[in-house]
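Asks: Structure: target31.txt, compact mmCIF, C-alpha atoms.
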# COMPACT_ATOMS: atom_id res chain seq x y z
CA MET Y 217 -9.84 16.69 -17.17
CA TYR Y 218 -6.57 14.86 -17.89
CA CYS Y 219 -6.63 11.40 -16.25
CA ILE Y 220 -3.65 9.07 -16.23
CA ILE Y 221 -4.47 5.46 -15.43
CA VAL Y 222 -1.63 3.16 -14.42
CA GLY Y 223 -2.24 -0.56 -14.94
CA GLY Y 224 -3.84 -2.00 -18.06
CA GLY Y 225 -5.71 -4.91 -16.52
CA ASN Y 226 -9.47 -5.21 -16.72
CA VAL Y 227 -10.13 -2.34 -14.30
CA GLY Y 228 -7.76 0.02 -16.13
CA TYR Y 229 -9.07 -1.01 -19.54
CA TYR Y 230 -12.77 -0.41 -18.84
CA LEU Y 231 -12.09 2.73 -16.83
CA SER Y 232 -10.07 4.22 -19.73
CA LYS Y 233 -12.80 3.44 -22.23
CA ASP Y 234 -15.53 4.97 -20.06
CA LEU Y 235 -13.54 8.09 -19.22
CA ALA Y 236 -12.63 8.63 -22.89
CA ALA Y 237 -16.29 8.14 -23.90
CA ALA Y 238 -17.28 10.73 -21.27
CA GLY Y 239 -15.05 13.24 -23.08
CA HIS Y 240 -12.01 13.26 -20.77
CA GLU Y 241 -8.42 13.21 -21.93
CA VAL Y 242 -7.16 9.78 -20.93
CA LEU Y 243 -3.81 8.03 -20.95
CA LEU Y 244 -3.45 4.37 -19.99
CA LEU Y 245 0.00 3.10 -18.97
CA GLU Y 246 0.80 -0.60 -19.05
CA LYS Y 247 4.23 -1.96 -18.11
CA GLU Y 248 4.06 -5.39 -19.70
CA ARG Y 249 4.91 -5.24 -23.42
CA GLN Y 250 2.57 -7.86 -24.85
CA ARG Y 251 -0.40 -6.62 -22.89
CA ALA Y 252 0.44 -3.01 -23.86
CA ALA Y 253 0.63 -3.96 -27.55
CA ARG Y 254 -2.88 -5.44 -27.38
CA LEU Y 255 -4.23 -2.34 -25.64
CA ILE Y 256 -2.59 -0.02 -28.19
CA GLU Y 257 -4.11 -2.03 -31.03
CA GLU Y 258 -7.57 -1.71 -29.55
CA LEU Y 259 -7.58 1.70 -27.86
CA GLY Y 260 -5.10 3.53 -30.11
CA GLU Y 261 -2.85 6.29 -28.87
CA ILE Y 262 -4.43 6.59 -25.42
CA ALA Y 263 -2.59 3.39 -24.44
CA VAL Y 264 1.17 3.63 -23.88
CA GLN Y 265 3.76 1.04 -22.90
CA GLY Y 266 5.79 2.08 -19.84
CA ASP Y 267 6.42 1.66 -16.13
CA GLY Y 268 4.35 4.22 -14.22
CA CYS Y 269 6.90 4.21 -11.37
CA GLU Y 270 9.78 5.43 -13.56
CA MET Y 271 10.48 9.16 -13.49
CA ARG Y 272 11.39 9.22 -17.18
CA VAL Y 273 8.07 7.66 -18.19
CA MET Y 274 6.13 9.87 -15.79
CA GLU Y 275 7.69 12.97 -17.34
CA GLU Y 276 7.08 11.75 -20.90
CA VAL Y 277 3.37 11.10 -20.48
CA GLY Y 278 2.80 14.38 -18.64
CA PHE Y 279 2.23 13.60 -14.97
CA GLY Y 280 3.00 17.28 -14.39
CA ARG Y 281 -0.23 18.43 -16.02
CA ALA Y 282 -2.48 15.56 -14.92
CA ASP Y 283 -5.58 16.39 -12.89
CA VAL Y 284 -5.90 12.91 -11.47
CA ILE Y 285 -3.81 9.74 -11.32
CA VAL Y 286 -5.57 6.42 -10.89
CA ALA Y 287 -3.34 3.45 -9.97
CA VAL Y 288 -5.11 0.14 -10.59
CA THR Y 289 -2.36 -2.45 -11.02
CA GLY Y 290 -2.76 -5.77 -9.23
CA GLU Y 291 0.01 -4.95 -6.76
CA ASP Y 292 -0.68 -2.69 -3.79
CA GLU Y 293 2.95 -1.59 -3.48
CA ASP Y 294 3.04 -0.44 -7.12
CA ASN Y 295 -0.18 1.54 -6.69
CA LEU Y 296 1.23 3.17 -3.56
CA VAL Y 297 4.48 4.25 -5.23
CA VAL Y 298 2.73 5.56 -8.37
CA CYS Y 299 0.44 7.77 -6.27
CA GLN Y 300 3.15 8.97 -3.88
CA MET Y 301 5.53 9.90 -6.71
CA ALA Y 302 2.68 11.63 -8.58
CA LYS Y 303 1.82 13.70 -5.54
CA ARG Y 304 5.29 14.55 -4.22
CA LYS Y 305 7.32 14.85 -7.43
CA PHE Y 306 4.67 16.18 -9.83
CA GLY Y 307 2.13 17.87 -7.55
CA VAL Y 308 -0.82 15.95 -9.01
CA PRO Y 309 -3.90 17.27 -7.14
CA ARG Y 310 -5.79 13.99 -6.86
CA THR Y 311 -4.60 10.40 -6.53
CA ILE Y 312 -6.76 7.30 -6.40
CA ALA Y 313 -5.32 3.86 -5.59
CA ARG Y 314 -6.83 0.43 -5.87
CA VAL Y 315 -5.96 -1.65 -2.82
CA ASN Y 316 -6.26 -5.41 -2.86
CA SER Y 317 -5.67 -6.00 0.83
CA PRO Y 318 -8.36 -4.11 2.81
CA ALA Y 319 -5.83 -3.65 5.63
CA ASN Y 320 -3.90 -1.30 3.34
CA GLU Y 321 -6.73 1.26 3.08
CA ALA Y 322 -5.83 2.90 6.39
CA LEU Y 323 -2.10 2.66 5.63
CA PHE Y 324 -2.47 4.36 2.22
CA ALA Y 325 -4.53 7.16 3.76
CA LYS Y 326 -1.80 7.68 6.36
CA LEU Y 327 0.84 7.79 3.60
CA GLY Y 328 -0.95 10.56 1.71
CA ILE Y 329 -3.11 8.85 -0.92
CA ASP Y 330 -6.34 10.82 -1.42
CA THR Y 331 -8.74 7.98 -2.15
CA THR Y 332 -8.52 4.21 -1.99
CA VAL Y 333 -10.88 1.65 -3.47
CA SER Y 334 -10.90 -1.92 -2.20
CA ALA Y 335 -13.02 -4.37 -4.16
CA THR Y 336 -12.33 -6.93 -1.44
CA ARG Y 337 -13.84 -4.64 1.19
CA ILE Y 338 -16.86 -3.74 -0.94
CA ILE Y 339 -17.69 -7.37 -1.67
CA PHE Y 340 -17.15 -8.29 1.97
CA ASN Y 341 -19.54 -5.54 3.05
CA LEU Y 342 -22.16 -6.66 0.54
CA LEU Y 343 -21.97 -10.21 1.86
CA GLU Y 344 -22.21 -9.01 5.45
CA GLN Y 345 -25.32 -7.02 4.53
CA GLU Y 346 -26.92 -10.09 3.02
CA ILE Y 347 -26.30 -12.12 6.14
CA GLU Y 348 -26.83 -9.80 9.07
CA SER Y 349 -29.66 -7.43 9.91
CA ASP Y 350 -29.31 -4.70 12.52
CA GLU Y 351 -25.55 -4.80 12.04
CA VAL Y 352 -23.67 -1.61 11.37
CA VAL Y 353 -21.64 -2.05 8.19
CA PRO Y 354 -19.01 0.50 7.11
CA VAL Y 355 -19.70 1.64 3.54
CA ALA Y 356 -17.14 4.39 3.01
CA ALA Y 357 -14.39 6.12 4.95
CA LEU Y 358 -14.23 9.89 4.62
CA SER Y 359 -11.76 12.54 5.72
CA ARG Y 360 -8.79 10.17 6.01
CA GLY Y 361 -10.83 7.66 7.95
CA ASP Y 362 -12.07 9.87 10.79
CA LEU Y 363 -15.61 9.95 9.42
CA GLU Y 364 -17.54 7.00 8.09
CA ILE Y 365 -20.74 6.33 6.26
CA VAL Y 366 -22.30 3.20 7.69
CA GLN Y 367 -25.35 1.22 6.69
CA VAL Y 368 -27.82 -0.63 8.92
CA GLU Y 369 -30.63 -2.82 7.67
CA LEU Y 370 -33.50 -2.70 10.14
CA SER Y 371 -34.99 -6.02 11.24
CA PRO Y 372 -38.58 -6.26 12.57
CA HIS Y 373 -37.00 -6.46 16.04
CA SER Y 374 -35.04 -3.24 15.71
CA PRO Y 375 -35.99 -0.78 18.50
CA VAL Y 376 -36.38 2.01 15.93
CA ALA Y 377 -38.66 0.15 13.47
CA GLY Y 378 -42.04 1.87 13.50
CA ARG Y 379 -40.68 5.09 15.03
CA ARG Y 380 -40.19 8.53 13.51
CA ILE Y 381 -36.63 9.76 12.97
CA GLY Y 382 -37.35 12.73 15.26
CA GLU Y 383 -38.04 10.30 18.12
CA VAL Y 384 -34.77 8.40 17.73
CA THR Y 385 -31.92 9.48 20.01
CA MET Y 386 -28.74 9.38 17.92
CA PRO Y 387 -25.25 9.27 19.43
CA ALA Y 388 -23.53 12.69 19.45
CA GLY Y 389 -22.01 13.45 16.05
CA ALA Y 390 -24.07 10.86 14.18
CA HIS Y 391 -26.63 11.80 11.53
CA ILE Y 392 -28.98 9.82 9.34
CA VAL Y 393 -28.24 10.93 5.77
CA ALA Y 394 -30.54 8.69 3.72
CA ILE Y 395 -33.00 5.82 3.89
CA ILE Y 396 -33.10 3.17 1.19
CA ARG Y 397 -36.56 1.57 0.98
CA GLN Y 398 -37.25 -1.04 -1.69
CA ASP Y 399 -34.35 0.23 -3.81
CA ARG Y 400 -35.50 3.85 -3.63
CA GLY Y 401 -33.56 6.52 -1.78
CA LEU Y 402 -35.44 8.79 0.64
CA LEU Y 403 -34.09 11.96 2.18
CA PRO Y 404 -34.79 11.86 5.91
CA SER Y 405 -36.90 14.39 7.81
CA PRO Y 406 -37.88 14.25 11.50
CA ASP Y 407 -41.32 12.95 10.42
CA THR Y 408 -39.99 10.05 8.34
CA LEU Y 409 -41.29 6.75 9.72
CA LEU Y 410 -38.64 4.02 9.89
CA GLU Y 411 -39.79 0.61 8.72
CA ALA Y 412 -38.41 -2.91 9.08
CA GLY Y 413 -36.43 -3.71 5.93
CA ASP Y 414 -35.20 -0.12 5.55
CA SER Y 415 -31.51 0.41 4.99
CA VAL Y 416 -30.43 3.41 7.02
CA LEU Y 417 -27.31 5.28 5.89
CA ALA Y 418 -25.69 7.31 8.64
CA LEU Y 419 -22.69 9.60 8.87
CA VAL Y 420 -20.72 8.99 12.07
CA THR Y 421 -17.30 9.63 13.54
CA THR Y 422 -15.33 6.37 13.45
CA ALA Y 423 -14.88 6.43 17.23
CA ARG Y 424 -18.65 6.36 17.78
CA GLU Y 425 -19.58 3.73 15.21
CA ASN Y 426 -20.18 1.15 17.95
CA GLU Y 427 -22.78 3.33 19.67
CA LEU Y 428 -24.99 3.08 16.59
CA VAL Y 429 -25.34 -0.65 17.18
CA ALA Y 430 -27.23 0.06 20.42
CA THR Y 431 -29.44 2.63 18.68
CA PHE Y 432 -30.52 0.47 15.74
CA GLY Y 433 -29.74 -3.08 16.76
CA GLU Y 434 -31.68 -5.68 18.66
CA ALA Y 435 -31.90 -4.89 22.36
CA MET P 170 19.51 -5.15 19.28
CA ARG P 171 16.64 -6.71 17.32
CA ALA P 172 16.75 -6.42 13.52
CA ILE P 173 14.06 -7.42 11.05
CA ILE P 174 15.24 -8.17 7.52
CA VAL P 175 12.65 -8.46 4.76
CA GLY P 176 13.91 -10.41 1.74
CA CYS P 177 16.26 -13.38 2.06
CA GLY P 178 18.18 -13.00 -1.18
CA ARG P 179 21.95 -12.58 -1.41
CA VAL P 180 22.07 -9.25 0.40
CA GLY P 181 19.41 -10.12 2.97
CA SER P 182 20.88 -13.48 3.90
CA THR P 183 24.47 -12.16 4.05
CA LEU P 184 23.44 -9.25 6.27
CA ALA P 185 21.34 -11.57 8.45
CA ARG P 186 24.32 -13.86 9.08
CA MET P 187 26.65 -10.94 9.79
CA LEU P 188 24.25 -9.45 12.34
CA ALA P 189 23.51 -12.81 13.98
CA GLU P 190 27.22 -13.63 14.23
CA SER P 191 27.72 -10.26 15.94
CA GLY P 192 25.29 -11.37 18.63
CA HIS P 193 22.18 -9.49 17.50
CA GLU P 194 18.67 -10.88 17.45
CA VAL P 195 17.76 -11.30 13.78
CA ILE P 196 14.40 -12.13 12.22
CA VAL P 197 14.30 -12.77 8.47
CA VAL P 198 11.03 -12.51 6.53
CA ASP P 199 10.58 -13.99 3.05
CA GLN P 200 7.60 -15.14 1.01
CA THR P 201 9.13 -18.54 0.27
CA SER P 202 10.72 -20.86 2.85
CA ASP P 203 13.07 -22.06 0.10
CA ALA P 204 14.92 -18.74 0.30
CA PHE P 205 15.97 -19.49 3.88
CA ARG P 206 18.42 -22.11 2.59
CA ARG P 207 20.79 -19.22 1.89
CA LEU P 208 21.09 -18.65 5.65
CA GLY P 209 22.84 -21.98 6.14
CA ARG P 210 22.31 -24.53 8.89
CA ASN P 211 24.12 -22.62 11.62
CA PHE P 212 21.96 -19.49 11.42
CA THR P 213 20.79 -18.66 14.93
CA GLY P 214 18.08 -16.15 14.01
CA THR P 215 14.38 -16.63 13.32
CA ARG P 216 12.77 -17.33 9.95
CA VAL P 217 9.25 -16.05 9.20
CA VAL P 218 7.38 -16.98 6.01
CA GLY P 219 5.12 -14.21 4.74
CA SER P 220 4.90 -10.91 2.90
CA GLY P 221 7.04 -8.07 4.25
CA THR P 222 4.35 -5.57 3.25
CA ASP P 223 1.70 -7.29 5.38
CA ILE P 224 1.26 -5.54 8.73
CA ASP P 225 0.11 -8.76 10.43
CA VAL P 226 3.17 -10.68 9.21
CA LEU P 227 5.50 -7.92 10.44
CA ARG P 228 3.79 -7.88 13.81
CA ARG P 229 4.19 -11.66 14.02
CA ALA P 230 7.89 -11.19 13.24
CA GLY P 231 8.16 -8.94 16.29
CA ILE P 232 8.58 -5.56 14.60
CA GLU P 233 7.07 -3.77 17.60
CA GLN P 234 10.26 -4.43 19.60
CA ALA P 235 12.70 -3.95 16.69
CA GLN P 236 15.34 -1.23 16.62
CA VAL P 237 16.43 -1.87 13.02
CA PHE P 238 14.39 -2.67 9.89
CA VAL P 239 15.92 -3.50 6.51
CA SER P 240 13.96 -4.19 3.32
CA VAL P 241 16.00 -5.88 0.58
CA THR P 242 13.54 -7.85 -1.60
CA ASP P 243 14.08 -7.73 -5.37
CA GLY P 244 11.18 -5.31 -5.83
CA ASP P 245 11.86 -1.59 -5.36
CA ASN P 246 8.23 -0.77 -4.62
CA ARG P 247 7.87 -3.62 -2.17
CA ASN P 248 10.97 -2.36 -0.33
CA ILE P 249 9.60 1.19 -0.29
CA MET P 250 6.22 0.10 1.05
CA ALA P 251 7.74 -2.16 3.72
CA ALA P 252 10.07 0.64 4.86
CA GLN P 253 7.17 3.10 5.11
CA ILE P 254 5.16 0.62 7.20
CA ALA P 255 8.16 0.18 9.53
CA ARG P 256 8.54 3.91 9.90
CA SER P 257 4.96 5.23 9.93
CA VAL P 258 3.07 2.39 11.59
CA PHE P 259 5.67 0.89 13.94
CA ASN P 260 8.07 3.84 14.46
CA VAL P 261 11.18 1.67 14.10
CA GLY P 262 14.29 3.75 14.89
CA THR P 263 16.56 2.78 12.00
CA VAL P 264 14.89 1.93 8.68
CA LEU P 265 17.02 1.07 5.64
CA THR P 266 15.88 0.08 2.18
CA ARG P 267 17.69 -0.99 -0.96
CA ILE P 268 16.36 0.55 -4.20
CA TYR P 269 17.77 -0.24 -7.65
CA ASP P 270 16.17 2.71 -9.49
CA PRO P 271 18.26 5.85 -8.78
CA SER P 272 15.41 8.32 -9.39
CA ARG P 273 13.07 6.45 -7.06
CA ALA P 274 15.84 6.22 -4.45
CA ALA P 275 16.35 9.98 -4.64
CA ALA P 276 12.61 10.69 -4.42
CA TYR P 277 12.14 8.63 -1.27
CA ARG P 278 15.36 9.93 0.27
CA GLU P 279 13.76 13.38 0.01
CA LEU P 280 10.77 11.96 1.88
CA GLY P 281 13.04 11.00 4.74
CA ILE P 282 13.55 7.29 4.04
CA GLN P 283 17.12 6.07 4.19
CA THR P 284 17.54 4.53 0.76
CA ILE P 285 20.62 2.71 -0.47
CA CYS P 286 20.84 2.69 -4.25
CA THR P 287 23.26 -0.09 -5.18
CA THR P 288 23.02 0.91 -8.86
CA SER P 289 24.40 4.39 -8.16
CA ILE P 290 27.01 3.10 -5.70
CA ALA P 291 28.38 0.53 -8.17
CA ALA P 292 28.24 2.89 -11.15
CA ASN P 293 29.97 5.71 -9.27
CA LEU P 294 32.70 3.41 -7.97
CA MET P 295 33.30 1.94 -11.43
CA PHE P 296 33.34 5.41 -12.94
CA ASP P 297 36.00 6.55 -10.48
CA LEU P 298 38.01 3.36 -11.01
CA SER P 299 37.76 3.80 -14.79
CA GLU P 300 39.20 7.28 -14.47
CA GLY P 301 42.02 5.92 -12.31
CA LYS P 302 40.92 7.67 -9.14
CA PRO P 303 42.37 6.23 -5.91
CA VAL P 304 39.39 4.39 -4.46
CA GLY P 305 40.93 0.92 -4.20
CA ASP P 306 40.98 0.81 -0.40
CA LEU P 307 37.34 1.85 -0.23
CA VAL P 308 36.30 -0.90 -2.65
CA ALA P 309 38.18 -3.47 -0.61
CA GLN P 310 36.58 -2.21 2.59
CA ILE P 311 33.08 -2.31 1.18
CA GLN P 312 33.40 -5.67 -0.52
CA ALA P 313 35.30 -7.65 2.12
CA VAL P 314 32.61 -9.62 3.88
CA ARG P 315 33.81 -10.17 7.40
CA THR P 316 34.78 -13.73 8.09
CA ARG P 317 34.15 -14.06 11.80
CA ASN P 318 32.88 -17.58 11.40
CA GLY P 319 36.35 -19.01 10.90
CA GLY P 320 36.28 -18.18 7.22
CA LYS P 321 33.09 -20.14 6.55
CA THR P 322 31.16 -17.08 5.44
CA PRO P 323 31.85 -16.74 1.73
CA ALA P 324 34.01 -13.68 1.27
CA VAL P 325 33.77 -11.61 -1.88
CA ALA P 326 37.17 -10.90 -3.37
CA ALA P 327 38.22 -7.28 -3.59
CA ARG P 328 39.19 -7.63 -7.21
Please go through the file and, once you have read it, give me the structure as structure tokens.

Replies:
Amino acid sequence: MYCIIVGGGNVGYYLSKDLAAAGHEVLLLEKERQRAARLIEELGEIAVQGDGCEMRVMEEVGFGRADVIVAVTGEDEDNLVVCQMAKRKFGVPRTIARVNSPANEALFAKLGIDTTVSATRIIFNLLEQEIESDEVVPVAALSRGDLEIVQVELSPHSPVAGRRIGEVTMPAGAHIVAIIRQDRGLLPSPDTLLEAGDSVLALVTTARENELVATFGEA
Amino acid sequence: MRAIIVGCGRVGSTLARMLAESGHEVIVVDQTSDAFRRLGRNFTGTRVVGSGTDIDVLRRAGIEQAQVFVSVTDGDNRNIMAAQIARSVFNVGTVLTRIYDPSRAAAYRELGIQTICTTSIAANLMFDLSEGKPVGDLVAQIQAVRTRNGGKTPAVAAR
């Protein structure tokens, strides 16, 4: 797989190293000259100095034959333009953008970016999980945001604690996909007994996310 | 007509004053309040401090009732992103964006965004002038900044 990574900050640097170690063909583009020189010295020819938004550079490094473009600069607008140009001008099958402002996740999906990753959102969700039990926390958006995977940590007061999955009435279109119990993942069956402290992962249409609160949360 | 202008540099501030002096409702958005000094004391429009690529800031600026949106910051990608937000999220009727890089301007023009590439415009004009083609009137027309305000708006000389 040929991966082009745009943005030679910490995320781009470690991602390039890991992908190269996993046997993929990797190219890391960094715009800023001094930073690029340091990367070239350390990583060798997989690092290249250039602006990943410039057509000339994109042609030179082979956007046309890339399987995936990953844009991980610190600026959301740069990541957007890199991915859009890759898709529309070079037909790159898969584009992944880092977004710094969580509000931009939905926007990027609307503007044609395949996948977005927001560290801000992930950390926020982790903190929310630490603080609140029985709260439905979005973990990942699928299918351009129409489907979501959400996580609920069951408190001892949850109406479903102590009941079997088969006995729980789920909202239409919602499915339990996994249970995490003491750091181990369980695949659910109708006989699985839900316990307080379990993290329940469910697949749900975004429109019905709120109905899950009534199912799992405190009455 | 309500117009939102993102970026209060030379182009943004000049356009903002021209539109305001023509009686339009103008809202200028810039990340630094310092930039608003270019608008002068008599500017009748509204100044909003914030990022033009932030949906909340644009909503606060009143984009939902805007007929015209112009992004003229010094960053091509920022202009492109702001223009796409105006078009895709808020369905603004007329969306214009200034892009320095000709290839990027062409790419987004193909995607249906009205891009104005000042690099190409200036280079093409200078090319024609160098070859002695008769474009003098056009240059004068483009460059003469209208002086409705009794000549107080700084006019750019034609030559």

Asks: Give me, as a list of chain:residue names, the contact residues of chain P against chain Y at a cut-off of 10 Å, counting only C-alpha atoms.

Replies: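 Using only C-alpha atoms, chain P residues at most 10 Å from chain Y: P:Thr222, P:Asp223, P:Ile224, P:Asp225, P:Gly244, P:Asp245, P:Asn246, P:Arg247, P:Asn248, P:Ile249, P:Met250, P:Ala251, P:Gln253, P:Ile254, P:Ser257, P:Val258, P:Asp270, P:Pro271, P:Ser272, P:Arg273, P:Ala276, P:Tyr277, P:Glu279, P:Leu280.
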
Asks: Keeping only C-alpha atoms, write the selected residues as a compact mmCIF listing (two decimals), keeping the file's coordinate frame.

Replies:
# COMPACT_ATOMS: atom_id res chain seq x y z
CA THR P 222 4.35 -5.57 3.25
CA ASP P 223 1.70 -7.29 5.38
CA ILE P 224 1.26 -5.54 8.73
CA ASP P 225 0.11 -8.76 10.43
CA GLY P 244 11.18 -5.31 -5.83
CA ASP P 245 11.86 -1.59 -5.36
CA ASN P 246 8.23 -0.77 -4.62
CA ARG P 247 7.87 -3.62 -2.17
CA ASN P 248 10.97 -2.36 -0.33
CA ILE P 249 9.60 1.19 -0.29
CA MET P 250 6.22 0.10 1.05
CA ALA P 251 7.74 -2.16 3.72
CA GLN P 253 7.17 3.10 5.11
CA ILE P 254 5.16 0.62 7.20
CA SER P 257 4.96 5.23 9.93
CA VAL P 258 3.07 2.39 11.59
CA ASP P 270 16.17 2.71 -9.49
CA PRO P 271 18.26 5.85 -8.78
CA SER P 272 15.41 8.32 -9.39
CA ARG P 273 13.07 6.45 -7.06
CA ALA P 276 12.61 10.69 -4.42
CA TYR P 277 12.14 8.63 -1.27
CA GLU P 279 13.76 13.38 0.01
CA LEU P 280 10.77 11.96 1.88

Asks: Skipping near chain neighbours, those fewer than 4 positions away, what residues fall within 7 Å of Y:Val353 using all atoms listed in the file, listed as a PyMOL selection string?

Replies: chain Y and resi 341+366-368

Asks: Grab the atom CA of P:Ala255 to atom CA of P:Ser289 distance for me, in Å with one decimal place.

Replies: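 Taking atom CA of P:Ala255 as the start and atom CA of P:Ser289 as the end point, the length is 24.4 Å.
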
Asks: To one decimal place in Å, what is the distance between atom CA of P:Val180 and atom CA of P:Asp243?

Replies: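 Distance reported for this atom pair: 10.0 Å.
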
Asks: Give the padded box for stretch 274-277 of chain Y as AutoDock Vina command-line options: axis-aligned, covering all atoms listed in the file, 4 Å on each side, centre and edge lengths in Å to one decimal.

Replies:
--center_x 5.5 --center_y 11.4 --center_z -18.3 --size_x 12.3 --size_y 11.1 --size_z 13.1

Asks: Go ahead and compute the interatomic distance for atom CA of Y:Pro404 and atom CA of Y:Ile339, in Å to one decimal.

Replies: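 Going from atom CA of Y:Pro404 over to atom CA of Y:Ile339, I get 26.8 Å.
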